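Enquirer: Structure below; questions to follow.
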Amino acid sequence: MKKQELEELVSVKARLIEELEHELESTNQGIILLMMELEYLEQEKLRENIETIKQLQVELTDTNKGLLALAVELEQSEEKYSSILNHAAETIFTFTDEGVVETTNPAALKLFGYSEIELHSVNICVLIPRLSQILPLYSNEDFTFQPKDEPVTYGYTKSGTAFPIEFTLGRPVYKNKRQWLVIIRDVTERKKADEGLRLMAKIFEGSKDAIVITNTRGKITDINEAFTVITGYEKDEIFNRYPFFLNSHEHGDNFYATLSRQLLETGAWSGDIWIKRKNNEIFPVWLSIYSVKDENGATTHFVGIFSDITARKAAENQLRQLAHFDALTGLANRTQFIERLKWTLEVAKRNKEQAALLFLDLDRFKLINDTLGHQAGDALLIEVACRLNECVREVDTVSRLGGDEFTIILVGIHDAAEVGIVARKILSSLVVPIRLEGRDVFISTSIGITLFPVDGMTVTELIKNADTAMYHAKERGRNNFQYFSNSMNQKVLDELEMETNLRQALQHEEFSLRYQPQFELKTKNLIGVEVLLRWKHPVLGFISPAVFIPHAEKSDLIITIGEWVLRSACIRNVAWQAQGLKPLRISVNLSGMQLKQHDLIEKITKILVETQLPAELLELELTEGVLMENAEATISTLMELKEMGIRLSIDDFGTGYSSLSYLKRFPIDTLKIDQSFVRDITTDCDDNAIASTIIAMAHNLRLKVIAEGVETQEQANILNEKGCDEVQGYFFGRPLVEADLCKLLAEFKN
């Protein structure tokens, strides 16, 4: 029953009750009059009137029963109306002409956040401000107002929060009185849903990914603009068609069968797929397909979303190229080399064949790279890669591991001699100079060779042994190849053991110093000492510096050992002076690795400051090879040392290669003639001439000359005749322990 009809029924019942009450009152008055008339009637009419009264009483009883039934029906209607209000999802208000709320239902309390008592004191226009504009437009007429095509109307909670609503406004009559009635519905969720639909529509049309929608039969029902842009098909061309026209025929029937099965089983599928544009161009896309279900779980549509991944595929191919090939030379890189070597060994093992691994390292590449620059170095590596490829078969693999290291995998080898032929071919190919920046550059390589399965059964073994053989080729003078042998492994193990012993020597204080006296030749006056390092191993005893120094120079140990020697020498020199002994110059060898340290100046400065040794009492000795390794940088470092007051000398002069143009630029104080020229100076005219030349050249450059290894009076006499300034050697004094040196210093003090 509609609300308006209910109100009319209530009104009719109310009028009927009033009429019955009025009739009852009239009837009772008639009875009273009749009774009064009976008192005056005659006896013969008494019985007739009594019958009439009884009949009226019966009618009155029936009337009262009708009134009672009507009252019960009215009460039930009001209870039903009240129940409807209490359980209605919509909010219902009645309010006065002034807008004061009279009645409401529980939904209103929940929606607006007020208590029932609070609502009775709230003006309806506070809850719905829009009503303040509508109410004045209507008077007492019966109407129903429901806004349409208007901006969103908002209701306001007790806390002031606004929310969208729809409402119906009316003026029904209740109990002969016209009242205001408003029914309100919260449309927040619906607005959200509408907004979501609008958003989805914008996404659908604005997406850069193509979107296609099909019905359950697979026919296209809608596409977006991106679909047309990517494929070239307009919507009217493909509407209600199956999407078979996109088939590139790059995938077999099994592919599509698997796709369909997964889509039906899981409701989704995604993956790479090749499709065809309208112009028949085939291209890759990433496709995702989803099934759309209704509230009952039944599939109603399928949605396909795809994007053109041509650029991504190209990038993946490029990354794959970078992951497996050297970017500079185009050769296989370390990753692919390992994979190829594993595969080669598996095939060789299965076919009971041999395979070979060649490990190559370019000789003196760093010198070329540092001198001509990295760009020239890169050009050289590219040319070397080309020549290596020309020396092997297509089935073989040439790789660049990094820097100037290359490897070659030879498959199907019959014997070691066959590998030697390839190695010689490689060495010969590099004999031809490489043209770089308008000049011819010569390069060579050292090659280590291992054979499978003779030299190793695993990738790790073969690489390690080939590397060992390559270093053996370096030690044999470079520009050659060496086959791996077990003795090489033993040598590597010995080197590892030596390095371990050296590290323990530092920790256990096994090193000590000896002091080689240096004299002015003419006066025989003691002017200084050369500091010599000695090592006594607890088991092996004394180990020669010629044995352990090269091992230390191959690692970072020479830096730590060199610092220890320098600091210890400075401390001892200061201690001798504190004892009142003769101040003298100490000469300490500086290794190539020490000279390359970026903080060398800071370290030496710190040692001098901490030990309080005057800089002019310290002399640093460097070999020709160390000086020339990076001449320009060396000059800068030596200048700073010279400015500190430190003396500088070239040790073993004449045994290496010194450019005179650089020699005159080095801030050197002393040249030390190597003992190999001094040893035979009395019998070998060449050594005699070399010594004379060194002395004359040094004096012309205003440098002092010291000869080492002087063991006889005759050698000393010849050096004196040639004008040599200083000497050291067994003839004048052997290397001394500190106690003996102090005695010697005491003698010269006196």
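Residues are named by chain letter and number: chains run A, B, ... in the order of the structure tokens, numbers start at 1 in each chain, and ligands are numbered from 1 in the order shown.
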As a ChimeraX atom specification, which residues of range 161-349 of chain A does DSSP assign to helix (DSSP H, G or I)?
Expert: /A:188-206,225-231,235-238,243-246,253-266,310-324,334-349
Enquirer: Among range 453-624 of chain A, which residues does DSSP mark as strand (DSSP E) when it is run on the backbone? Keep the chain and numbering as in the structure and answer as a PyMOL selection string.
Expert: chain A and resi 481-483+511-520+526-537+541-543+585-589+618-623
Enquirer: Please list as a PyMOL selection string every residue within 9 Å of range 607-609 of chain A, counting only C-alpha atoms and excluding residues in the same chain fewer than 5 positions away.
Expert: chain A and resi 563+566-567+570+602+614-615
Enquirer: Could you tell me how far CA of Trp274 in chain A lies from CA of Glu250 in chain A, in Å and to one decimal?
Expert: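 About the pair CA of Trp274 in chain A and CA of Glu250 in chain A: they are 6.5 Å apart.
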Enquirer: Which residue out of A:Val588, A:Leu581, A:Leu436, A:Val574 has the minimum interatomic distance to Thr611 in chain A when only C-alpha atoms are used?
Expert: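 Once distances to Thr611 in chain A are computed over only C-alpha atoms, the minimum belongs to A:Val574.
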Enquirer: Show which residues sit within 9 Å of Gly330 in chain A, as a PyMOL selection string. Count only C-alpha atoms, and ignore same-chain residues fewer than 6 positions away.
Expert: chain A and resi 321+382+385+399-400
Enquirer: Using only C-alpha atoms, determine which residues lie at most 10 Å from Glu118 in chain A, disregarding the query and same-chain residues fewer than 6 positions distant; provide the list as number ranges by chain.
Expert: A: 101, 109, 158
Enquirer: Enter the distance from CA of Lys235 in chain A to CA of Lys219 in chain A, in Å, rounded to one decimal.
Expert: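 Separation between CA of Lys235 in chain A and CA of Lys219 in chain A: 12.6 Å.
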Enquirer: Identify, on the basis of only C-alpha atoms, every residue whose closest approach to Leu111 in chain A does not exceed 10 Å; exclude the query and any residue fewer than 6 positions from it along the same chain; express the result as a list in words.
Expert: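 Residues near the query, excluding close chain neighbours: Glu90, Thr91, Gly155, Tyr156, Thr157, Lys158, Phe163, Ile184, Arg185 and Asp186 of chain A.
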